[in-house]
file start.cif (mmCIF, C-alpha atoms)
data_data
loop_
_atom_site.label_atom_id
_atom_site.label_comp_id
_atom_site.auth_asym_id
_atom_site.auth_seq_id
_atom_site.Cartn_x
_atom_site.Cartn_y
_atom_site.Cartn_z
CA MET A 1 -0.40 -27.97 0.21
CA ILE A 2 0.12 -25.25 -2.40
CA LYS A 3 2.22 -26.64 -5.24
CA HIS A 4 2.18 -23.80 -7.73
CA PRO A 5 4.20 -20.66 -7.01
CA ILE A 6 2.36 -17.51 -6.00
CA LEU A 7 3.41 -14.48 -8.02
CA VAL A 8 4.05 -11.38 -5.93
CA THR A 9 4.37 -8.13 -7.86
CA GLY A 10 5.88 -5.17 -6.04
CA SER A 11 7.93 -7.76 -4.18
CA SER A 12 10.46 -5.23 -2.86
CA GLY A 13 7.81 -2.79 -1.63
CA LYS A 14 6.46 -2.27 1.87
CA SER A 15 3.65 -4.81 1.58
CA GLY A 16 5.07 -7.04 -1.17
CA ARG A 17 8.28 -8.01 0.60
CA ARG A 18 6.30 -8.84 3.72
CA VAL A 19 3.94 -11.01 1.69
CA VAL A 20 6.94 -12.82 0.21
CA SER A 21 8.45 -13.36 3.66
CA ARG A 22 5.21 -14.67 5.17
CA LEU A 23 4.52 -17.04 2.28
CA ARG A 24 8.04 -18.47 2.41
CA ALA A 25 7.77 -18.90 6.17
CA GLN A 26 4.71 -21.07 5.52
CA GLY A 27 6.60 -23.13 2.96
CA VAL A 28 4.62 -21.71 0.04
CA PRO A 29 6.56 -21.42 -3.24
CA VAL A 30 6.89 -17.78 -4.27
CA ARG A 31 7.84 -16.02 -7.47
CA ALA A 32 9.02 -12.55 -6.41
CA ALA A 33 8.50 -10.36 -9.46
CA SER A 34 11.14 -7.77 -10.32
CA ARG A 35 13.02 -6.45 -13.32
CA SER A 36 16.15 -8.24 -12.13
CA GLY A 37 14.36 -11.47 -11.19
CA GLU A 38 14.39 -14.81 -12.92
CA PRO A 39 12.21 -14.66 -14.88
CA ALA A 40 12.26 -10.87 -15.14
CA PHE A 41 9.05 -8.91 -14.76
CA ASP A 42 8.58 -5.32 -15.86
CA TRP A 43 5.17 -3.66 -15.79
CA LEU A 44 6.17 -1.50 -18.76
CA ASP A 45 7.40 -4.43 -20.86
CA ARG A 46 4.45 -6.67 -21.66
CA THR A 47 6.73 -9.27 -23.20
CA THR A 48 7.80 -10.18 -19.63
CA TRP A 49 4.30 -10.86 -18.35
CA ASP A 50 3.82 -14.37 -19.69
CA SER A 51 7.02 -15.80 -18.22
CA ALA A 52 6.20 -14.29 -14.83
CA LEU A 53 2.72 -15.83 -14.92
CA GLU A 54 3.74 -19.24 -16.25
CA GLY A 55 2.76 -22.04 -13.87
CA VAL A 56 1.21 -19.60 -11.41
CA ARG A 57 -2.29 -20.01 -9.96
CA ALA A 58 -2.48 -17.00 -7.61
CA VAL A 59 -1.16 -13.43 -7.74
CA TYR A 60 -0.61 -10.67 -5.22
CA LEU A 61 -1.01 -7.68 -7.49
CA VAL A 62 0.51 -4.33 -6.58
CA PRO A 63 -0.40 -2.01 -9.47
CA LEU A 64 1.91 0.51 -11.07
CA ASP A 65 0.61 3.92 -10.03
CA GLY A 66 -0.03 6.31 -12.85
CA HIS A 67 -0.57 3.59 -15.44
CA LEU A 68 -3.71 1.71 -16.47
CA LEU A 69 -1.98 -1.66 -16.79
CA THR A 70 -3.92 -3.72 -14.25
CA ARG A 71 -6.73 -4.44 -16.70
CA PRO A 72 -4.59 -5.86 -19.54
CA PHE A 73 -2.51 -7.78 -17.00
CA ILE A 74 -5.61 -9.35 -15.46
CA GLU A 75 -6.97 -10.20 -18.89
CA ARG A 76 -3.72 -11.97 -19.77
CA ALA A 77 -3.57 -13.69 -16.37
CA GLU A 78 -7.08 -15.06 -16.91
CA GLN A 79 -6.10 -16.36 -20.34
CA LEU A 80 -3.14 -18.18 -18.76
CA GLY A 81 -5.27 -19.89 -16.10
CA ILE A 82 -4.74 -17.75 -13.00
CA GLU A 83 -7.37 -18.74 -10.45
CA ARG A 84 -6.96 -16.19 -7.65
CA VAL A 85 -5.83 -12.59 -7.38
CA VAL A 86 -5.41 -10.33 -4.37
CA LEU A 87 -5.32 -6.70 -5.51
CA LEU A 88 -3.73 -3.94 -3.45
CA SER A 89 -5.96 -0.93 -4.02
CA GLY A 90 -6.40 2.20 -1.94
CA ARG A 91 -8.72 3.89 0.49
CA GLY A 92 -11.40 6.11 -0.96
CA VAL A 93 -11.77 4.41 -4.33
CA ASP A 94 -15.56 4.47 -4.00
CA VAL A 95 -15.83 7.73 -2.02
CA PRO A 96 -16.87 10.76 -4.12
CA GLY A 97 -14.45 13.64 -3.71
CA TYR A 98 -11.84 11.60 -1.85
CA SER A 99 -9.08 12.28 -4.37
CA GLY A 100 -8.86 14.85 -7.11
CA GLU A 101 -9.88 14.04 -10.63
CA ALA A 102 -6.26 14.25 -11.79
CA ASN A 103 -4.88 11.99 -9.05
CA ILE A 104 -2.88 9.33 -10.89
CA ALA A 105 -2.99 6.70 -8.16
CA GLY A 106 -6.75 7.08 -7.83
CA ALA A 107 -7.30 6.42 -11.53
CA THR A 108 -5.05 3.35 -11.36
CA HIS A 109 -7.01 1.90 -8.44
CA ILE A 110 -10.45 2.65 -9.85
CA ASP A 111 -9.68 0.94 -13.14
CA GLY A 112 -7.86 -1.93 -11.40
CA GLU A 113 -10.78 -2.74 -9.13
CA SER A 114 -13.14 -2.65 -12.07
CA ALA A 115 -10.87 -5.03 -13.98
CA VAL A 116 -10.63 -7.71 -11.30
CA ARG A 117 -14.35 -7.57 -10.54
CA ALA A 118 -15.15 -8.06 -14.23
CA SER A 119 -12.75 -10.99 -14.61
CA GLY A 120 -13.50 -14.65 -14.12
CA ILE A 121 -10.75 -14.92 -11.51
CA ALA A 122 -11.58 -15.28 -7.82
CA TRP A 123 -10.61 -11.88 -6.43
CA THR A 124 -10.01 -10.14 -3.14
CA ILE A 125 -9.42 -6.38 -2.89
CA LEU A 126 -7.43 -4.69 -0.13
CA ARG A 127 -8.01 -1.00 0.53
CA PRO A 128 -5.50 0.14 3.13
CA ALA A 129 -5.36 3.47 4.90
CA TRP A 130 -2.05 5.34 5.01
CA PHE A 131 0.78 2.93 5.79
CA ALA A 132 2.36 3.42 9.21
CA GLN A 133 5.64 2.44 7.55
CA ASN A 134 5.63 5.68 5.57
CA PHE A 135 7.31 7.16 8.64
CA SER A 136 10.12 4.59 8.76
CA GLU A 137 10.50 3.23 5.23
CA GLY A 138 8.63 5.57 2.96
CA ILE A 139 8.02 9.15 1.99
CA PHE A 140 8.14 10.65 5.51
CA ARG A 141 11.36 8.96 6.65
CA ASP A 142 13.88 11.59 5.56
CA ALA A 143 11.84 14.36 7.15
CA ILE A 144 11.56 12.39 10.40
CA LEU A 145 15.32 11.91 10.45
CA ALA A 146 15.80 15.62 9.73
CA GLY A 147 13.56 16.47 12.68
CA GLU A 148 10.76 18.28 10.84
CA LEU A 149 7.83 16.89 8.86
CA ARG A 150 6.14 19.55 6.73
CA LEU A 151 2.81 18.54 5.18
CA PRO A 152 -0.49 20.08 4.04
CA ALA A 153 -2.43 17.83 6.42
CA GLY A 154 -3.69 20.46 8.85
CA ASP A 155 -4.87 18.97 12.12
CA GLY A 156 -6.66 16.07 10.43
CA ALA A 157 -6.20 12.51 11.61
CA ALA A 158 -5.44 9.23 9.84
CA SER A 159 -6.01 5.65 10.96
CA PHE A 160 -2.54 4.45 9.93
CA VAL A 161 -2.39 0.73 9.14
CA ASP A 162 0.66 -1.44 9.76
CA ALA A 163 2.07 -3.04 6.59
CA GLU A 164 2.43 -6.27 8.58
CA ASP A 165 -1.36 -6.38 8.88
CA ILE A 166 -1.77 -5.72 5.17
CA ALA A 167 0.60 -8.60 4.40
CA ALA A 168 -1.15 -10.92 6.85
CA VAL A 169 -4.51 -10.26 5.20
CA ALA A 170 -3.01 -10.72 1.74
CA VAL A 171 -1.46 -14.06 2.65
CA ALA A 172 -4.71 -15.28 4.17
CA ALA A 173 -6.58 -14.33 0.99
CA LEU A 174 -3.95 -16.01 -1.19
CA THR A 175 -3.80 -19.28 0.72
CA GLU A 176 -7.14 -19.79 2.49
CA ASP A 177 -10.74 -20.24 1.49
CA GLY A 178 -13.45 -17.74 2.37
CA HIS A 179 -11.94 -14.53 1.01
CA ALA A 180 -13.21 -14.56 -2.57
CA ALA A 181 -15.26 -11.52 -3.65
CA GLN A 182 -14.32 -9.68 -0.45
CA THR A 183 -13.21 -6.07 -0.26
CA TYR A 184 -11.24 -5.48 2.92
CA GLU A 185 -10.96 -1.91 4.15
CA LEU A 186 -7.80 -1.94 6.29
CA SER A 187 -6.87 0.52 9.02
CA GLY A 188 -5.30 0.69 12.44
CA PRO A 189 -7.45 0.61 15.60
CA ARG A 190 -7.40 4.42 16.11
CA ALA A 191 -6.77 7.64 14.25
CA LEU A 192 -3.90 9.99 15.02
CA THR A 193 -3.10 13.47 13.78
CA ILE A 194 0.29 13.89 12.12
CA ALA A 195 1.40 15.84 15.19
CA GLU A 196 0.38 12.95 17.47
CA ALA A 197 2.14 10.38 15.26
CA VAL A 198 5.32 12.46 15.21
CA ALA A 199 5.14 12.91 18.99
CA GLU A 200 4.98 9.13 19.49
CA ILE A 201 8.04 8.66 17.30
CA SER A 202 9.86 11.44 19.12
CA GLY A 203 9.05 9.91 22.49
CA ALA A 204 10.17 6.43 21.46
CA THR A 205 13.44 7.57 19.92
CA GLY A 206 14.42 10.54 22.04
CA ARG A 207 14.75 12.61 18.85
CA SER A 208 13.41 16.14 18.62
CA ILE A 209 10.84 15.97 15.81
CA ARG A 210 8.07 18.41 15.00
CA TYR A 211 5.22 18.63 12.54
CA VAL A 212 4.74 21.84 10.57
CA PRO A 213 1.35 22.18 8.84
CA LEU A 214 1.44 23.93 5.48
CA SER A 215 -1.17 25.02 3.01
CA ALA A 216 -1.30 23.00 -0.20
CA GLY A 217 0.13 25.97 -2.10
CA GLU A 218 3.03 26.40 0.31
CA PHE A 219 3.76 22.68 0.10
CA VAL A 220 3.85 22.68 -3.71
CA VAL A 221 6.14 25.72 -3.76
CA GLU A 222 8.54 24.04 -1.34
CA LEU A 223 8.66 20.82 -3.36
CA THR A 224 9.14 22.54 -6.69
CA GLY A 225 11.88 24.61 -5.07
CA GLN A 226 13.58 21.31 -4.23
CA GLY A 227 13.41 20.24 -7.87
CA TRP A 228 10.14 18.32 -7.95
CA PRO A 229 8.15 18.54 -11.19
CA ALA A 230 5.08 20.70 -10.56
CA ALA A 231 2.65 17.93 -11.52
CA GLU A 232 4.21 15.49 -9.05
CA ALA A 233 4.24 18.08 -6.26
CA GLU A 234 0.58 18.89 -6.86
CA ASP A 235 -0.32 15.19 -6.91
CA TYR A 236 1.48 14.65 -3.58
CA ALA A 237 -0.43 17.57 -2.06
CA GLU A 238 -3.68 16.13 -3.38
CA ALA A 239 -2.84 12.71 -1.94
CA VAL A 240 -2.43 14.23 1.52
CA SER A 241 -5.57 16.37 1.30
CA PRO A 242 -8.03 13.70 2.54
CA ILE A 243 -6.26 13.82 5.91
CA ARG A 244 -6.72 17.59 6.09
CA ARG A 245 -10.35 17.27 4.97
CA GLY A 246 -11.19 14.75 7.70
CA MET A 247 -11.67 11.81 5.33
CA ASP A 248 -8.91 9.52 6.63
CA SER A 249 -9.88 9.11 10.28
CA LEU A 250 -12.26 6.22 9.55
CA ILE A 251 -11.63 3.04 11.55
CA SER A 252 -12.19 0.03 9.28
CA ASP A 253 -12.97 -3.57 10.20
CA GLY A 254 -11.09 -5.35 7.41
CA VAL A 255 -8.28 -6.79 9.56
CA TRP A 256 -10.83 -8.21 12.00
CA ARG A 257 -13.01 -9.62 9.22
CA ALA A 258 -10.09 -11.28 7.46
CA LEU A 259 -8.02 -12.46 10.42
CA GLY A 260 -10.36 -12.52 13.40
CA ARG A 261 -8.15 -10.19 15.44
CA SER A 262 -7.65 -6.50 16.02
CA PRO A 263 -5.16 -4.54 13.90
CA ARG A 264 -1.78 -3.57 15.27
CA ASP A 265 -1.71 -0.25 17.10
CA PHE A 266 0.51 2.62 15.94
CA THR A 267 2.31 2.58 19.28
CA ASP A 268 3.34 -1.04 18.73
CA TYR A 269 4.55 -0.17 15.25
CA VAL A 270 6.64 2.71 16.61
CA LYS A 271 8.23 0.50 19.27
CA ALA A 272 9.17 -2.10 16.65
CA ALA A 273 10.49 0.50 14.22
CA ALA A 274 12.30 2.74 16.72
CA ARG A 275 15.73 1.35 15.87
CA THR A 276 15.34 2.39 12.21
CA TRP A 277 15.22 6.05 13.26
CA ARG A 278 18.25 5.73 15.52
CA ASP A 279 20.59 4.07 13.00
#
call {"tool": "encode", "arguments": {"input": "start.cif", "output": "structure tokens"}}
result
Amino acid sequence: MIKHPILVTGSSGKSGRRVVSRLRAQGVPVRAASRSGEPAFDWLDRTTWDSALEGVRAVYLVPLDGHLLTRPFIERAEQLGIERVVLLSGRGVDVPGYSGEANIAGATHIDGESAVRASGIAWTILRPAWFAQNFSEGIFRDAILAGELRLPAGDGAASFVDAEDIAAVAVAALTEDGHAAQTYELSGPRALTIAEAVAEISGATGRSIRYVPLSAGEFVVELTGQGWPAAEAEDYAEAVSPIRRGMDSLISDGVWRALGRSPRDFTDYVKAAARTWRD
């Protein structure tokens, strides 16, 4: 039985809150990190790190994109006796040309992976594909509800992974033996174009939704016209570009390796999430 609490950073995010829920369902004590938590945790306030880590032996670490804070956090966690860390990274970290040199999330993940590998803590790294939940909980939701998703993704496909599968793998790595020094590439069981994904959502909800492919330049102009800072708009376009360039259709075996079962299909995700687009 696990006696020490497991620290979950990003505990209100798509994967973090599911990790918290699964751990609690197993009777595992959890410390859900947040700025309003007790104790409070703020990535940008290092004076909060020690209290969040006190008495903890394992951490689910969701890094703060755009900041190189994973390394100092891991160094402090090791000093305080943390024995296990599961790091949420990203697809393409070790693929040349996957993301642009200026991509802020890419730099965060590259340095974060290097930090955990160099530490004396038992580590597991998760590299998920695009989250299926981006359509229902994340950056695509408003466009889906509006009936038109406009992206610079061309006709490329992505092997969307269900956040429930990410959480299941994370919990296994946090609570079971056999996952140390493993890097799990996580994806769904098939790749879909954005048009195909939108069509599945449309069919399940009865809503009229269409995908409009844009060039990267057109996309940036639209976002900046909506008030986005140019740098953020360009970074968003760069983040989507691997789909357009055919680099996100890879089917990975990480869910099977970690859990001994196939990943959840996008169709099953859509059926489960359909109500969220009707409300």
call {"tool": "resolve_selection", "arguments": {"input": "start.cif", "expression": "the PyMOL selection byres ((chain A and resi 53-57) around 12)", "output": "PyMOL selection string"}}
result
chain A and resi 2-9+29-33+38-41+46-52+58-61+73-86+121-122+174-175
call {"tool": "closest_residue", "arguments": {"input": "start.cif", "among": "A:Arg127, A:Arg261, A:Arg18, A:Arg245", "to": "Gly97 (chain A)", "atoms": "only C-alpha atoms"}}
result
A:Arg245
call {"tool": "resolve_selection", "arguments": {"input": "start.cif", "expression": "the PyMOL selection byres ((chain A and resi 188-204) around 10)", "output": "ChimeraX atom specification"}}
result
/A:128-132,135-136,144,147-151,153-162,165,186-187,205-213,243-244,248-255,262-267,269-275,277
call {"tool": "write_last_selection", "arguments": {"input": "start.cif", "atoms": "C-alpha atoms", "output": "PDB file, in the frame of the given file"}}
result
ATOM      1  CA  PRO A 128      -5.500   0.140   3.130  1.00  0.00           C
ATOM      2  CA  ALA A 129      -5.360   3.470   4.900  1.00  0.00           C
ATOM      3  CA  TRP A 130      -2.050   5.340   5.010  1.00  0.00           C
ATOM      4  CA  PHE A 131       0.780   2.930   5.790  1.00  0.00           C
ATOM      5  CA  ALA A 132       2.360   3.420   9.210  1.00  0.00           C
ATOM      6  CA  PHE A 135       7.310   7.160   8.640  1.00  0.00           C
ATOM      7  CA  SER A 136      10.120   4.590   8.760  1.00  0.00           C
ATOM      8  CA  ILE A 144      11.560  12.390  10.400  1.00  0.00           C
ATOM      9  CA  GLY A 147      13.560  16.470  12.680  1.00  0.00           C
ATOM     10  CA  GLU A 148      10.760  18.280  10.840  1.00  0.00           C
ATOM     11  CA  LEU A 149       7.830  16.890   8.860  1.00  0.00           C
ATOM     12  CA  ARG A 150       6.140  19.550   6.730  1.00  0.00           C
ATOM     13  CA  LEU A 151       2.810  18.540   5.180  1.00  0.00           C
ATOM     14  CA  ALA A 153      -2.430  17.830   6.420  1.00  0.00           C
ATOM     15  CA  GLY A 154      -3.690  20.460   8.850  1.00  0.00           C
ATOM     16  CA  ASP A 155      -4.870  18.970  12.120  1.00  0.00           C
ATOM     17  CA  GLY A 156      -6.660  16.070  10.430  1.00  0.00           C
ATOM     18  CA  ALA A 157      -6.200  12.510  11.610  1.00  0.00           C
ATOM     19  CA  ALA A 158      -5.440   9.230   9.840  1.00  0.00           C
ATOM     20  CA  SER A 159      -6.010   5.650  10.960  1.00  0.00           C
ATOM     21  CA  PHE A 160      -2.540   4.450   9.930  1.00  0.00           C
ATOM     22  CA  VAL A 161      -2.390   0.730   9.140  1.00  0.00           C
ATOM     23  CA  ASP A 162       0.660  -1.440   9.760  1.00  0.00           C
ATOM     24  CA  ASP A 165      -1.360  -6.380   8.880  1.00  0.00           C
ATOM     25  CA  LEU A 186      -7.800  -1.940   6.290  1.00  0.00           C
ATOM     26  CA  SER A 187      -6.870   0.520   9.020  1.00  0.00           C
ATOM     27  CA  THR A 205      13.440   7.570  19.920  1.00  0.00           C
ATOM     28  CA  GLY A 206      14.420  10.540  22.040  1.00  0.00           C
ATOM     29  CA  ARG A 207      14.750  12.610  18.850  1.00  0.00           C
ATOM     30  CA  SER A 208      13.410  16.140  18.620  1.00  0.00           C
ATOM     31  CA  ILE A 209      10.840  15.970  15.810  1.00  0.00           C
ATOM     32  CA  ARG A 210       8.070  18.410  15.000  1.00  0.00           C
ATOM     33  CA  TYR A 211       5.220  18.630  12.540  1.00  0.00           C
ATOM     34  CA  VAL A 212       4.740  21.840  10.570  1.00  0.00           C
ATOM     35  CA  PRO A 213       1.350  22.180   8.840  1.00  0.00           C
ATOM     36  CA  ILE A 243      -6.260  13.820   5.910  1.00  0.00           C
ATOM     37  CA  ARG A 244      -6.720  17.590   6.090  1.00  0.00           C
ATOM     38  CA  ASP A 248      -8.910   9.520   6.630  1.00  0.00           C
ATOM     39  CA  SER A 249      -9.880   9.110  10.280  1.00  0.00           C
ATOM     40  CA  LEU A 250     -12.260   6.220   9.550  1.00  0.00           C
ATOM     41  CA  ILE A 251     -11.630   3.040  11.550  1.00  0.00           C
ATOM     42  CA  SER A 252     -12.190   0.030   9.280  1.00  0.00           C
ATOM     43  CA  ASP A 253     -12.970  -3.570  10.200  1.00  0.00           C
ATOM     44  CA  GLY A 254     -11.090  -5.350   7.410  1.00  0.00           C
ATOM     45  CA  VAL A 255      -8.280  -6.790   9.560  1.00  0.00           C
ATOM     46  CA  SER A 262      -7.650  -6.500  16.020  1.00  0.00           C
ATOM     47  CA  PRO A 263      -5.160  -4.540  13.900  1.00  0.00           C
ATOM     48  CA  ARG A 264      -1.780  -3.570  15.270  1.00  0.00           C
ATOM     49  CA  ASP A 265      -1.710  -0.250  17.100  1.00  0.00           C
ATOM     50  CA  PHE A 266       0.510   2.620  15.940  1.00  0.00           C
ATOM     51  CA  THR A 267       2.310   2.580  19.280  1.00  0.00           C
ATOM     52  CA  TYR A 269       4.550  -0.170  15.250  1.00  0.00           C
ATOM     53  CA  VAL A 270       6.640   2.710  16.610  1.00  0.00           C
ATOM     54  CA  LYS A 271       8.230   0.500  19.270  1.00  0.00           C
ATOM     55  CA  ALA A 272       9.170  -2.100  16.650  1.00  0.00           C
ATOM     56  CA  ALA A 273      10.490   0.500  14.220  1.00  0.00           C
ATOM     57  CA  ALA A 274      12.300   2.740  16.720  1.00  0.00           C
ATOM     58  CA  ARG A 275      15.730   1.350  15.870  1.00  0.00           C
ATOM     59  CA  TRP A 277      15.220   6.050  13.260  1.00  0.00           C
TER      60      TRP A 277
END
call {"tool": "resolve_selection", "arguments": {"input": "start.cif", "expression": "the PyMOL selection byres ((chain A and resi 62) around 9)", "output": "list of chain:residue names"}}
result
A:Val8, A:Thr9, A:Gly10, A:Ser11, A:Gly13, A:Ser15, A:Gly16, A:Tyr60, A:Leu61, A:Pro63, A:Leu64, A:Asp65, A:Thr70, A:Val86, A:Leu87, A:Leu88, A:Ser89
call {"tool": "closest_residue", "arguments": {"input": "start.cif", "among": "A:Glu185, A:Asp111, A:Glu218, A:Asp142", "to": "Leu69 (chain A)", "atoms": "only C-alpha atoms"}}
result
A:Asp111
call {"tool": "atom_distance", "arguments": {"input": "start.cif", "atom1": "CA of Ser215 (chain A)", "atom2": "CA of Pro152 (chain A)"}}
result
5.1 Å
call {"tool": "decode", "arguments": {"input": "start.cif", "residues": "region 180-200 of chain A", "atoms": "N, CA and C atoms", "output": "tab-separated table (two decimals), in the first residue's frame"}}
result
chain	number	residue	atom	x	y	z
A	180	ALA	N	10.21	1.87	-14.80
A	180	ALA	CA	11.37	2.75	-14.66
A	180	ALA	C	12.22	2.74	-15.93
A	181	ALA	N	12.73	3.92	-16.29
A	181	ALA	CA	13.58	4.10	-17.46
A	181	ALA	C	12.87	3.75	-18.77
A	182	GLN	N	11.55	3.89	-18.78
A	182	GLN	CA	10.77	3.63	-19.99
A	182	GLN	C	10.28	4.95	-20.58
A	183	THR	N	10.34	5.05	-21.88
A	183	THR	CA	9.75	6.17	-22.60
A	183	THR	C	8.58	5.62	-23.41
A	184	TYR	N	7.38	6.05	-23.05
A	184	TYR	CA	6.18	5.54	-23.70
A	184	TYR	C	5.65	6.55	-24.72
A	185	GLU	N	5.73	6.17	-25.99
A	185	GLU	CA	5.12	6.97	-27.05
A	185	GLU	C	3.64	6.57	-27.11
A	186	LEU	N	2.75	7.55	-26.90
A	186	LEU	CA	1.33	7.25	-26.74
A	186	LEU	C	0.52	7.83	-27.90
A	187	SER	N	-0.30	6.98	-28.50
A	187	SER	CA	-1.18	7.44	-29.57
A	187	SER	C	-2.46	6.61	-29.54
A	188	GLY	N	-3.41	7.01	-30.36
A	188	GLY	CA	-4.59	6.20	-30.59
A	188	GLY	C	-4.26	5.07	-31.54
A	189	PRO	N	-5.26	4.21	-31.85
A	189	PRO	CA	-5.00	3.04	-32.70
A	189	PRO	C	-5.02	3.34	-34.19
A	190	ARG	N	-5.40	4.57	-34.60
A	190	ARG	CA	-5.42	4.93	-36.02
A	190	ARG	C	-5.27	6.44	-36.15
A	191	ALA	N	-4.91	6.86	-37.33
A	191	ALA	CA	-4.75	8.28	-37.61
A	191	ALA	C	-5.94	8.79	-38.41
A	192	LEU	N	-6.36	10.01	-38.09
A	192	LEU	CA	-7.47	10.65	-38.78
A	192	LEU	C	-7.02	12.04	-39.24
A	193	THR	N	-7.51	12.46	-40.39
A	193	THR	CA	-7.33	13.84	-40.79
A	193	THR	C	-8.24	14.71	-39.91
A	194	ILE	N	-7.97	16.00	-39.89
A	194	ILE	CA	-8.84	16.90	-39.13
A	194	ILE	C	-10.26	16.84	-39.68
A	195	ALA	N	-10.38	16.76	-41.00
A	195	ALA	CA	-11.71	16.67	-41.62
A	195	ALA	C	-12.44	15.42	-41.15
A	196	GLU	N	-11.73	14.29	-41.07
A	196	GLU	CA	-12.36	13.04	-40.62
A	196	GLU	C	-12.76	13.13	-39.15
A	197	ALA	N	-11.91	13.73	-38.33
A	197	ALA	CA	-12.23	13.88	-36.91
A	197	ALA	C	-13.47	14.75	-36.73
A	198	VAL	N	-13.52	15.87	-37.45
A	198	VAL	CA	-14.66	16.77	-37.37
A	198	VAL	C	-15.92	16.08	-37.86
A	199	ALA	N	-15.81	15.27	-38.91
A	199	ALA	CA	-16.97	14.55	-39.43
A	199	ALA	C	-17.52	13.57	-38.40
A	200	GLU	N	-16.64	12.92	-37.66
A	200	GLU	CA	-17.12	11.99	-36.62
A	200	GLU	C	-17.87	12.74	-35.53
